[in-house]
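To be precise, the following lines are run-v1.txt, and they hold compact mmCIF, C-alpha atoms.
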```txt
# COMPACT_ATOMS: atom_id res chain seq x y z
CA MET F 1497 178.53 123.02 136.30
CA THR F 1498 175.46 121.50 134.75
CA THR F 1499 173.95 118.81 136.92
CA ALA F 1500 173.58 115.52 135.12
CA PRO F 1501 169.93 114.78 134.44
CA SER F 1502 168.44 111.81 136.20
CA THR F 1503 167.32 110.30 132.93
CA ILE F 1504 168.75 110.78 129.48
CA PRO F 1505 167.20 112.49 127.61
CA ASP F 1506 165.89 114.69 130.39
CA PHE F 1507 162.10 115.06 130.21
CA SER F 1508 161.86 116.91 133.53
CA ARG F 1509 160.93 120.32 132.17
CA PRO F 1510 157.40 121.44 133.10
CA ASP F 1511 156.06 120.63 129.63
CA GLY F 1512 157.85 117.26 129.56
CA LEU F 1513 159.38 118.05 126.18
CA ILE F 1514 162.82 118.04 124.64
CA THR F 1515 163.91 119.64 121.39
CA ALA F 1516 164.55 117.40 118.40
CA VAL F 1517 166.55 118.36 115.32
CA ALA F 1518 166.38 116.28 112.16
CA GLN F 1519 169.33 116.30 109.77
CA ASP F 1520 169.37 114.69 106.33
CA ALA F 1521 171.72 111.71 106.30
CA ALA F 1522 172.64 112.21 102.65
CA SER F 1523 173.00 115.98 102.30
CA GLY F 1524 173.75 117.00 105.87
CA GLN F 1525 171.05 119.64 105.57
CA VAL F 1526 169.21 120.56 108.77
CA LEU F 1527 165.63 119.66 107.93
CA MET F 1528 163.50 120.74 110.86
CA VAL F 1529 163.18 121.40 114.56
CA ALA F 1530 160.38 119.84 116.56
CA HIS F 1531 159.68 118.51 120.04
CA MET F 1532 159.38 115.12 121.67
CA ASN F 1533 157.90 113.81 124.86
CA ARG F 1534 159.12 110.56 126.36
CA VAL F 1535 156.61 108.47 124.42
CA ALA F 1536 157.67 110.05 121.12
CA TRP F 1537 161.35 109.40 121.87
CA GLU F 1538 160.76 105.80 122.87
CA GLU F 1539 158.56 105.09 119.86
CA THR F 1540 161.17 106.67 117.58
CA LEU F 1541 163.86 104.37 118.94
CA ALA F 1542 161.61 101.31 118.88
CA THR F 1543 160.34 101.79 115.34
CA GLY F 1544 163.22 103.61 113.64
CA ARG F 1545 160.79 106.23 112.37
CA ALA F 1546 160.70 109.78 113.66
CA VAL F 1547 157.82 110.51 116.01
CA TYR F 1548 157.43 113.99 117.47
CA TYR F 1549 155.03 115.67 119.85
CA SER F 1550 153.00 118.44 118.27
CA ARG F 1551 152.63 121.31 120.71
CA ALA F 1552 149.97 122.88 118.49
CA ARG F 1553 147.84 119.74 118.38
CA GLY F 1554 148.72 118.41 121.81
CA ARG F 1555 149.38 114.88 120.59
CA LEU F 1556 151.96 112.57 119.10
CA TRP F 1557 152.88 113.42 115.54
CA ARG F 1558 154.15 110.51 113.51
CA LYS F 1559 156.10 112.44 110.90
CA GLY F 1560 154.61 111.80 107.48
CA GLU F 1561 151.34 110.41 108.87
CA GLU F 1562 149.43 112.53 106.39
CA SER F 1563 151.96 113.42 103.70
CA GLY F 1564 153.70 110.04 103.56
CA ASN F 1565 157.01 111.86 103.98
CA THR F 1566 158.25 109.74 106.84
CA GLN F 1567 161.76 109.91 108.30
CA ASN F 1568 163.79 106.74 108.70
CA VAL F 1569 166.21 107.26 111.57
CA ARG F 1570 169.78 106.28 110.79
CA ALA F 1571 171.31 107.55 114.03
CA ALA F 1572 170.22 109.42 117.14
CA TYR F 1573 172.34 111.60 119.40
CA VAL F 1574 171.68 113.25 122.76
CA ASP F 1575 173.21 116.59 123.67
CA CYS F 1576 175.39 117.41 126.66
CA ASP F 1577 172.64 118.51 129.00
CA GLY F 1578 170.09 116.03 127.77
CA ASP F 1579 167.39 118.44 126.63
CA ALA F 1580 167.92 118.11 122.89
CA VAL F 1581 168.35 115.21 120.49
CA LEU F 1582 169.63 115.02 116.93
CA LEU F 1583 168.16 112.54 114.49
CA VAL F 1584 170.07 111.77 111.33
CA VAL F 1585 167.38 110.64 108.94
CA GLU F 1586 166.56 109.40 105.50
CA GLN F 1587 163.81 111.79 104.43
CA VAL F 1588 161.24 109.89 102.40
CA GLY F 1589 159.88 111.99 99.54
CA GLY F 1590 162.77 114.42 99.71
CA ALA F 1591 160.88 117.07 101.67
CA ALA F 1592 160.57 117.52 105.42
CA CYS F 1593 158.59 120.76 105.37
CA HIS F 1594 154.82 120.95 105.11
CA GLU F 1595 155.38 123.89 102.78
CA GLY F 1596 156.87 121.46 100.25
CA TYR F 1597 160.51 122.41 100.67
CA PRO F 1598 163.28 119.91 101.49
CA SER F 1599 164.03 121.78 104.73
CA CYS F 1600 161.85 123.96 106.94
CA PHE F 1601 164.75 126.44 106.87
CA PHE F 1602 164.06 127.55 103.31
CA ARG F 1603 164.22 131.27 104.11
CA GLN F 1604 167.51 133.04 104.60
CA GLN F 1605 167.83 136.23 106.60
CA THR F 1606 169.35 138.96 104.44
CA PRO F 1607 169.81 142.70 104.99
CA GLU F 1608 166.69 143.14 102.85
CA GLY F 1609 164.65 140.67 104.89
CA LEU F 1610 163.82 137.00 104.41
CA LYS F 1611 164.57 135.48 101.03
CA ILE F 1612 163.41 132.04 99.87
CA VAL F 1613 166.55 130.10 98.93
CA ALA F 1614 165.16 126.65 98.12
CA GLU F 1615 162.90 125.06 95.56
CA ARG F 1616 159.69 123.23 96.35
CA VAL F 1617 159.66 119.47 95.97
CA PHE F 1618 155.87 119.29 96.15
CA ASP F 1619 152.87 121.59 96.20
CA PRO F 1620 151.21 121.44 99.62
CA LYS F 1621 147.77 121.70 98.01
CA ASN F 1622 148.30 118.36 96.37
CA VAL F 1623 149.53 116.62 99.51
CA TYR F 1624 147.40 117.79 102.41
CA GLN F 1625 143.69 117.27 102.16
CA LYS F 1626 142.52 118.69 105.46
CA SER F 1627 145.25 120.43 107.36
CA SER F 1628 148.96 121.04 107.23
CA GLU F 1629 151.60 119.27 109.28
CA MET R 641 147.03 125.77 108.03
CA THR R 642 149.63 127.48 110.12
CA THR R 643 148.87 131.15 110.61
CA ALA R 644 151.72 133.39 109.58
CA PRO R 645 153.37 134.93 112.63
CA SER R 646 153.07 138.68 112.98
CA THR R 647 156.84 139.04 113.20
CA ILE R 648 159.53 136.78 111.86
CA PRO R 649 160.98 135.13 113.84
CA ASP R 650 157.95 134.79 116.07
CA PHE R 651 158.77 135.69 119.69
CA SER R 652 155.15 135.51 120.83
CA ARG R 653 155.42 132.38 122.95
CA PRO R 654 154.92 132.99 126.68
CA ASP R 655 158.66 132.78 127.38
CA GLY R 656 159.51 135.00 124.40
CA LEU R 657 162.02 132.48 123.11
CA ILE R 658 162.72 130.70 119.85
CA THR R 659 164.94 127.69 119.29
CA ALA R 660 168.31 128.21 117.63
CA VAL R 661 170.38 125.48 115.98
CA ALA R 662 174.03 126.08 115.12
CA GLN R 663 175.58 124.11 112.27
CA ASP R 664 179.28 124.12 111.38
CA ALA R 665 179.83 125.84 108.03
CA ALA R 666 182.82 123.67 107.18
CA SER R 667 181.79 120.19 108.31
CA GLY R 668 178.01 120.47 108.25
CA GLN R 669 177.94 119.03 111.75
CA VAL R 670 175.08 120.12 113.99
CA LEU R 671 176.92 121.77 116.87
CA MET R 672 174.31 122.73 119.44
CA VAL R 673 170.75 123.73 120.21
CA ALA R 674 170.03 126.82 122.30
CA HIS R 675 167.43 129.57 122.62
CA MET R 676 167.16 133.20 121.66
CA ASN R 677 164.98 136.08 122.71
CA ARG R 678 164.46 139.03 120.40
CA VAL R 679 167.48 140.90 121.76
CA ALA R 680 169.75 137.90 121.20
CA TRP R 681 168.50 137.48 117.62
CA GLU R 682 168.94 141.15 116.80
CA GLU R 683 172.41 141.32 118.37
CA THR R 684 173.40 138.18 116.45
CA LEU R 685 172.38 139.77 113.15
CA ALA R 686 173.95 143.12 114.01
CA THR R 687 177.31 141.73 115.15
CA GLY R 688 177.63 138.55 113.10
CA ARG R 689 178.42 136.64 116.29
CA ALA R 690 176.05 134.14 117.86
CA VAL R 691 174.24 135.42 120.93
CA TYR R 692 171.80 133.17 122.74
CA TYR R 693 169.54 133.50 125.76
CA SER R 694 170.47 131.20 128.61
CA ARG R 695 167.34 129.82 130.23
CA ALA R 696 169.40 128.52 133.15
CA ARG R 697 171.00 131.86 133.86
CA GLY R 698 168.14 134.07 132.73
CA ARG R 699 170.31 136.38 130.69
CA LEU R 700 171.94 136.87 127.30
CA TRP R 701 174.72 134.43 126.57
CA ARG R 702 177.30 135.68 124.13
CA LYS R 703 178.64 132.35 122.95
CA GLY R 704 182.31 132.06 123.85
CA GLU R 705 182.18 134.88 126.38
CA GLU R 706 184.13 132.73 128.83
CA SER R 707 185.76 130.06 126.68
CA GLY R 708 186.69 132.30 123.75
CA ASN R 709 184.98 129.79 121.45
CA THR R 710 182.82 132.32 119.66
CA GLN R 711 180.70 131.56 116.60
CA ASN R 712 180.97 133.72 113.50
CA VAL R 713 177.67 133.59 111.68
CA ARG R 714 177.97 132.92 107.96
CA ALA R 715 174.26 132.59 107.27
CA ALA R 716 170.99 132.59 109.20
CA TYR R 717 167.73 130.89 108.26
CA VAL R 718 164.23 131.04 109.72
CA ASP R 719 161.93 128.02 109.70
CA CYS R 720 158.47 127.75 108.20
CA ASP R 721 156.51 128.66 111.32
CA GLY R 722 159.02 131.18 112.59
CA ASP R 723 159.81 129.60 115.94
CA ALA R 724 163.25 128.23 115.10
CA VAL R 725 166.34 129.61 113.40
CA LEU R 726 169.39 127.94 111.94
CA LEU R 727 172.80 129.58 112.16
CA VAL R 728 175.55 128.33 109.89
CA VAL R 729 178.69 129.28 111.77
CA GLU R 730 182.44 129.26 111.81
CA GLN R 731 183.16 127.73 115.22
CA VAL R 732 186.22 129.42 116.70
CA GLY R 733 188.39 126.96 118.60
CA GLY R 734 186.83 123.97 116.91
CA ALA R 735 184.53 123.12 119.81
CA ALA R 736 181.01 124.33 120.50
CA CYS R 737 180.36 122.21 123.59
CA HIS R 738 181.31 123.22 127.12
CA GLU R 739 182.35 119.61 127.62
CA GLY R 740 185.17 120.18 125.13
CA TYR R 741 183.70 118.30 122.19
CA PRO R 742 183.22 119.81 118.72
CA SER R 743 179.46 119.25 118.98
CA CYS R 744 177.14 119.01 121.97
CA PHE R 745 175.76 115.87 120.29
CA PHE R 746 178.78 113.74 121.13
CA ARG R 747 176.74 110.83 122.52
CA GLN R 748 175.01 108.40 120.22
CA GLN R 749 172.02 106.36 121.31
CA THR R 750 172.76 102.65 120.86
CA PRO R 751 170.89 99.53 121.95
CA GLU R 752 173.35 99.38 124.87
CA GLY R 753 172.74 102.99 125.87
CA LEU R 754 174.61 106.20 125.15
CA LYS R 755 178.06 105.90 123.63
CA ILE R 756 180.54 108.78 123.27
CA VAL R 757 181.40 109.00 119.58
CA ALA R 758 183.62 112.10 119.44
CA GLU R 759 186.98 113.21 120.74
CA ARG R 760 187.55 116.17 123.00
CA VAL R 761 189.19 119.25 121.51
CA PHE R 762 189.86 120.76 124.94
CA ASP R 763 189.68 119.83 128.60
CA PRO R 764 186.92 121.86 130.27
CA LYS R 765 189.01 122.15 133.44
CA ASN R 766 191.55 124.22 131.53
CA VAL R 767 189.01 126.51 129.91
CA TYR R 768 186.38 127.38 132.48
CA GLN R 769 187.55 129.00 135.67
CA LYS R 770 184.27 129.50 137.48
CA SER R 771 181.38 127.85 135.79
CA SER R 772 180.50 126.03 132.65
CA GLU R 773 178.64 127.43 129.66
```

Would you mind writing the file's structure down as structure tokens?
Amino acid sequence: MTTAPSTIPDFSRPDGLITAVAQDAASGQVLMVAHMNRVAWEETLATGRAVYYSRARGRLWRKGEESGNTQNVRAAYVDCDGDAVLLVVEQVGGAACHEGYPSCFFRQQTPEGLKIVAERVFDPKNVYQKSSE
Amino acid sequence: MTTAPSTIPDFSRPDGLITAVAQDAASGQVLMVAHMNRVAWEETLATGRAVYYSRARGRLWRKGEESGNTQNVRAAYVDCDGDAVLLVVEQVGGAACHEGYPSCFFRQQTPEGLKIVAERVFDPKNVYQKSSE
């Protein structure tokens, strides 16, 4: 049996991170997968806006800090073993992905390889001045 | 800008794993978050059944191998930076979680703490003889 974590969510992994999934409250579409440390989780709950931890940048990532495409959190769930959370969000701007698509999962695996199955909401060149999210 | 990974999905992280999210094809509910190594991903695509990599057990985890609650994969998507995949699945038995709930995200965060917001489909004691998933 899985041992219950001492805190919920359980930030006891060596990197101190949990996995976070964002789902669109209106469409039910899975928008993105990211990570959170304890500070990101607590700020998300306190502010009602999704805050992640960017592994690439090694710092908090307030979703939409550059693009303006913030996520308003309608509900938050914790999974059975406490190492993943699900945020049901209102996606401001209609696009979660830095590539300009509504969801980061805009490519479907097919027998012929990956196929883009979504349409861009914005052009990243017009949104990001310096670097991508 | 994010550099395109050399393979898609990108298994180049030190642990060789990507994150996998399973979503119910019928309800749209996010069922669970797990991990995959390259073998798990390739077996999933080849068989049409979800195969994960259990970090706790250090081996492939053919979902439902003990409970019978397999996942038939209807579609698979890869995210923008290649380190997460989304499986849209038919959840055999109606429950993805080893705790007997349809989704592993059966606890909602509320100001008073975590609250169970789902009903059990099965009693784990009747399903798992030796150990939990």

- request: Can you work out which one of R:Ala715, R:Ile648, R:Cys720, R:Ala686 has the shortest atom-to-atom distance to Gly1596 in chain F, counting all atoms listed in the file?
  value: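 Of the candidates, the smallest distance to Gly1596 in chain F is held by R:Cys720.
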
message: Can you measure CA of Arg1616 in chain F to CA of Val728 in chain R for me? One decimal in Å is fine.
response: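 Taking CA of Arg1616 in chain F as the start and CA of Val728 in chain R as the end point, the length is 21.5 Å.
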
Can I have chain F aligned to chain R? Use a least-squares fit on all Cα atoms paired in order and write it out as an mmCIF file with C-alpha atoms, in the frame of the given file.
```
data_model
loop_
_atom_site.group_PDB
_atom_site.id
_atom_site.type_symbol
_atom_site.label_atom_id
_atom_site.label_comp_id
_atom_site.auth_asym_id
_atom_site.auth_seq_id
_atom_site.Cartn_x
_atom_site.Cartn_y
_atom_site.Cartn_z
ATOM 1 C CA MET F 1497 147.064 125.717 108.116
ATOM 2 C CA THR F 1498 149.642 127.446 110.237
ATOM 3 C CA THR F 1499 148.884 131.113 110.696
ATOM 4 C CA ALA F 1500 151.733 133.336 109.628
ATOM 5 C CA PRO F 1501 153.369 134.940 112.642
ATOM 6 C CA SER F 1502 153.078 138.677 112.947
ATOM 7 C CA THR F 1503 156.824 139.056 113.177
ATOM 8 C CA ILE F 1504 159.525 136.798 111.842
ATOM 9 C CA PRO F 1505 160.979 135.128 113.821
ATOM 10 C CA ASP F 1506 157.954 134.792 116.061
ATOM 11 C CA PHE F 1507 158.782 135.694 119.671
ATOM 12 C CA SER F 1508 155.158 135.507 120.825
ATOM 13 C CA ARG F 1509 155.435 132.376 122.937
ATOM 14 C CA PRO F 1510 154.936 132.987 126.673
ATOM 15 C CA ASP F 1511 158.672 132.764 127.368
ATOM 16 C CA GLY F 1512 159.513 135.005 124.395
ATOM 17 C CA LEU F 1513 162.023 132.476 123.094
ATOM 18 C CA ILE F 1514 162.722 130.707 119.840
ATOM 19 C CA THR F 1515 164.929 127.688 119.270
ATOM 20 C CA ALA F 1516 168.300 128.202 117.616
ATOM 21 C CA VAL F 1517 170.380 125.487 115.969
ATOM 22 C CA ALA F 1518 174.022 126.073 115.110
ATOM 23 C CA GLN F 1519 175.591 124.110 112.265
ATOM 24 C CA ASP F 1520 179.285 124.113 111.382
ATOM 25 C CA ALA F 1521 179.840 125.846 108.051
ATOM 26 C CA ALA F 1522 182.824 123.665 107.178
ATOM 27 C CA SER F 1523 181.784 120.187 108.311
ATOM 28 C CA GLY F 1524 178.007 120.470 108.246
ATOM 29 C CA GLN F 1525 177.945 119.016 111.744
ATOM 30 C CA VAL F 1526 175.081 120.120 113.991
ATOM 31 C CA LEU F 1527 176.903 121.774 116.868
ATOM 32 C CA MET F 1528 174.292 122.732 119.428
ATOM 33 C CA VAL F 1529 170.742 123.738 120.210
ATOM 34 C CA ALA F 1530 170.024 126.811 122.287
ATOM 35 C CA HIS F 1531 167.433 129.558 122.621
ATOM 36 C CA MET F 1532 167.157 133.197 121.661
ATOM 37 C CA ASN F 1533 164.987 136.078 122.700
ATOM 38 C CA ARG F 1534 164.466 139.029 120.394
ATOM 39 C CA VAL F 1535 167.480 140.901 121.752
ATOM 40 C CA ALA F 1536 169.746 137.889 121.198
ATOM 41 C CA TRP F 1537 168.513 137.489 117.614
ATOM 42 C CA GLU F 1538 168.947 141.157 116.799
ATOM 43 C CA GLU F 1539 172.406 141.323 118.351
ATOM 44 C CA THR F 1540 173.414 138.187 116.438
ATOM 45 C CA LEU F 1541 172.392 139.772 113.150
ATOM 46 C CA ALA F 1542 173.958 143.126 114.004
ATOM 47 C CA THR F 1543 177.304 141.751 115.139
ATOM 48 C CA GLY F 1544 177.643 138.547 113.109
ATOM 49 C CA ARG F 1545 178.420 136.635 116.291
ATOM 50 C CA ALA F 1546 176.045 134.145 117.852
ATOM 51 C CA VAL F 1547 174.242 135.429 120.926
ATOM 52 C CA TYR F 1548 171.798 133.167 122.745
ATOM 53 C CA TYR F 1549 169.544 133.488 125.755
ATOM 54 C CA SER F 1550 170.470 131.190 128.610
ATOM 55 C CA ARG F 1551 167.332 129.829 130.230
ATOM 56 C CA ALA F 1552 169.386 128.518 133.151
ATOM 57 C CA ARG F 1553 171.001 131.879 133.861
ATOM 58 C CA GLY F 1554 168.127 134.068 132.742
ATOM 59 C CA ARG F 1555 170.311 136.376 130.671
ATOM 60 C CA LEU F 1556 171.927 136.882 127.303
ATOM 61 C CA TRP F 1557 174.710 134.439 126.573
ATOM 62 C CA ARG F 1558 177.298 135.690 124.137
ATOM 63 C CA LYS F 1559 178.627 132.349 122.948
ATOM 64 C CA GLY F 1560 182.290 132.052 123.850
ATOM 65 C CA GLU F 1561 182.171 134.899 126.388
ATOM 66 C CA GLU F 1562 184.120 132.760 128.821
ATOM 67 C CA SER F 1563 185.755 130.078 126.685
ATOM 68 C CA GLY F 1564 186.674 132.317 123.749
ATOM 69 C CA ASN F 1565 184.979 129.803 121.457
ATOM 70 C CA THR F 1566 182.821 132.320 119.661
ATOM 71 C CA GLN F 1567 180.694 131.558 116.600
ATOM 72 C CA ASN F 1568 180.985 133.731 113.514
ATOM 73 C CA VAL F 1569 177.673 133.598 111.677
ATOM 74 C CA ARG F 1570 177.979 132.912 107.969
ATOM 75 C CA ALA F 1571 174.257 132.587 107.266
ATOM 76 C CA ALA F 1572 170.995 132.589 109.195
ATOM 77 C CA TYR F 1573 167.739 130.899 108.249
ATOM 78 C CA VAL F 1574 164.234 131.041 109.712
ATOM 79 C CA ASP F 1575 161.942 128.029 109.681
ATOM 80 C CA CYS F 1576 158.467 127.768 108.189
ATOM 81 C CA ASP F 1577 156.520 128.688 111.289
ATOM 82 C CA GLY F 1578 159.024 131.186 112.575
ATOM 83 C CA ASP F 1579 159.810 129.597 115.930
ATOM 84 C CA ALA F 1580 163.240 128.223 115.083
ATOM 85 C CA VAL F 1581 166.340 129.605 113.398
ATOM 86 C CA LEU F 1582 169.402 127.926 111.929
ATOM 87 C CA LEU F 1583 172.790 129.580 112.149
ATOM 88 C CA VAL F 1584 175.552 128.341 109.899
ATOM 89 C CA VAL F 1585 178.688 129.277 111.773
ATOM 90 C CA GLU F 1586 182.435 129.256 111.824
ATOM 91 C CA GLN F 1587 183.174 127.729 115.221
ATOM 92 C CA VAL F 1588 186.218 129.423 116.704
ATOM 93 C CA GLY F 1589 188.407 126.964 118.601
ATOM 94 C CA GLY F 1590 186.821 123.974 116.919
ATOM 95 C CA ALA F 1591 184.514 123.129 119.817
ATOM 96 C CA ALA F 1592 180.988 124.330 120.510
ATOM 97 C CA CYS F 1593 180.341 122.218 123.599
ATOM 98 C CA HIS F 1594 181.300 123.235 127.115
ATOM 99 C CA GLU F 1595 182.317 119.615 127.616
ATOM 100 C CA GLY F 1596 185.154 120.184 125.136
ATOM 101 C CA TYR F 1597 183.687 118.302 122.198
ATOM 102 C CA PRO F 1598 183.211 119.817 118.723
ATOM 103 C CA SER F 1599 179.447 119.245 118.972
ATOM 104 C CA CYS F 1600 177.132 118.998 121.967
ATOM 105 C CA PHE F 1601 175.747 115.867 120.280
ATOM 106 C CA PHE F 1602 178.775 113.749 121.130
ATOM 107 C CA ARG F 1603 176.740 110.835 122.498
ATOM 108 C CA GLN F 1604 175.003 108.399 120.208
ATOM 109 C CA GLN F 1605 172.015 106.357 121.295
ATOM 110 C CA THR F 1606 172.748 102.657 120.843
ATOM 111 C CA PRO F 1607 170.873 99.525 121.928
ATOM 112 C CA GLU F 1608 173.334 99.366 124.830
ATOM 113 C CA GLY F 1609 172.731 102.973 125.854
ATOM 114 C CA LEU F 1610 174.595 106.198 125.140
ATOM 115 C CA LYS F 1611 178.056 105.907 123.645
ATOM 116 C CA ILE F 1612 180.533 108.780 123.282
ATOM 117 C CA VAL F 1613 181.403 108.997 119.580
ATOM 118 C CA ALA F 1614 183.611 112.095 119.446
ATOM 119 C CA GLU F 1615 186.971 113.210 120.734
ATOM 120 C CA ARG F 1616 187.539 116.175 123.005
ATOM 121 C CA VAL F 1617 189.175 119.245 121.528
ATOM 122 C CA PHE F 1618 189.861 120.758 124.944
ATOM 123 C CA ASP F 1619 189.656 119.835 128.605
ATOM 124 C CA PRO F 1620 186.917 121.877 130.279
ATOM 125 C CA LYS F 1621 189.021 122.189 133.437
ATOM 126 C CA ASN F 1622 191.553 124.213 131.534
ATOM 127 C CA VAL F 1623 189.011 126.519 129.915
ATOM 128 C CA TYR F 1624 186.398 127.389 132.508
ATOM 129 C CA GLN F 1625 187.577 128.996 135.690
ATOM 130 C CA LYS F 1626 184.311 129.484 137.527
ATOM 131 C CA SER F 1627 181.407 127.821 135.826
ATOM 132 C CA SER F 1628 180.546 125.987 132.656
ATOM 133 C CA GLU F 1629 178.720 127.410 129.664
#
```

task: Pick out the closest residue to Arg1558 in chain F from this set: F:Val1535, F:Ala1521, F:Val1623, F:Ile1612. Count all atoms listed in the file.
output: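 Under the stated criterion, the closest residue is F:Val1535.
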
Separation of CA of Ala758 in chain R from CA of Ser743 in chain R in Å: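 Separation of CA of Ser743 in chain R and CA of Ala758 in chain R: 8.3 Å.
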
Write out as a PDB file with C-alpha atoms, in the coordinates of the input which residues come within 6 Å of range 722-725 of chain R when counting all atoms listed in the file, dropping same-chain ones fewer than 6 positions away.
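Everything below was put into around_2.pdb:
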```pdb
ATOM      1  CA  ILE R 648     159.530 136.780 111.860  1.00  0.00           C
ATOM      2  CA  PRO R 649     160.980 135.130 113.840  1.00  0.00           C
ATOM      3  CA  ASP R 650     157.950 134.790 116.070  1.00  0.00           C
ATOM      4  CA  ILE R 658     162.720 130.700 119.850  1.00  0.00           C
ATOM      5  CA  THR R 659     164.940 127.690 119.290  1.00  0.00           C
ATOM      6  CA  ALA R 660     168.310 128.210 117.630  1.00  0.00           C
TER       7      ALA R 660
END
```

- prompt: Between R:Met676, R:Ala736, R:Val713, R:Leu726, which has the minimum distance to chain F (counting all atoms listed in the file)?
  reply: R:Leu726

Closest atom pairs, residues of chain R within 7 Å of chain F, all atoms listed in the file, as a tab-separated table:
```
residue	atom	partner	partner_atom	distance
R:Met641	CA	F:Ser1628	CA	5.2
R:Gly668	CA	F:Gly1524	CA	6.0
R:Val673	CA	F:Ala1580	CA	6.8
R:Ala716	CA	F:Gln1605	CA	5.5
R:Tyr717	CA	F:Gln1604	CA	4.3
R:Val718	CA	F:Phe1601	CA	5.4
R:Asp719	CA	F:Phe1601	CA	4.3
R:Cys720	CA	F:Cys1600	CA	5.2
R:Ala724	CA	F:Val1529	CA	6.9
R:Cys744	CA	F:Asp1575	CA	4.9
R:Phe745	CA	F:Asp1575	CA	4.3
R:Phe746	CA	F:Asp1575	CA	6.8
R:Arg747	CA	F:Tyr1573	CA	5.4
R:Gln748	CA	F:Tyr1573	CA	4.2
R:Gln749	CA	F:Ala1572	CA	5.5
R:Ser771	CA	F:Met1497	CA	5.6
R:Ser772	CA	F:Met1497	CA	5.1
```

Pairwise distance for CA of Phe1618 in chain F and CA of Arg1570 in chain F, rounded to one decimal in Å: 24.0 Å

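Residue nearest Arg1545 in chain F, chosen from F:His1531, F:Asp1520, F:Gln1587, F:Gly1512 and counting all atoms listed in the file: F:Gln1587.
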
R:Asp763, R:Glu705, R:Ser652, R:Leu700 ranked by distance to Glu682 in chain R, top pick (using only C-alpha atoms):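 Closest to Glu682 in chain R of all the choices is R:Leu700.
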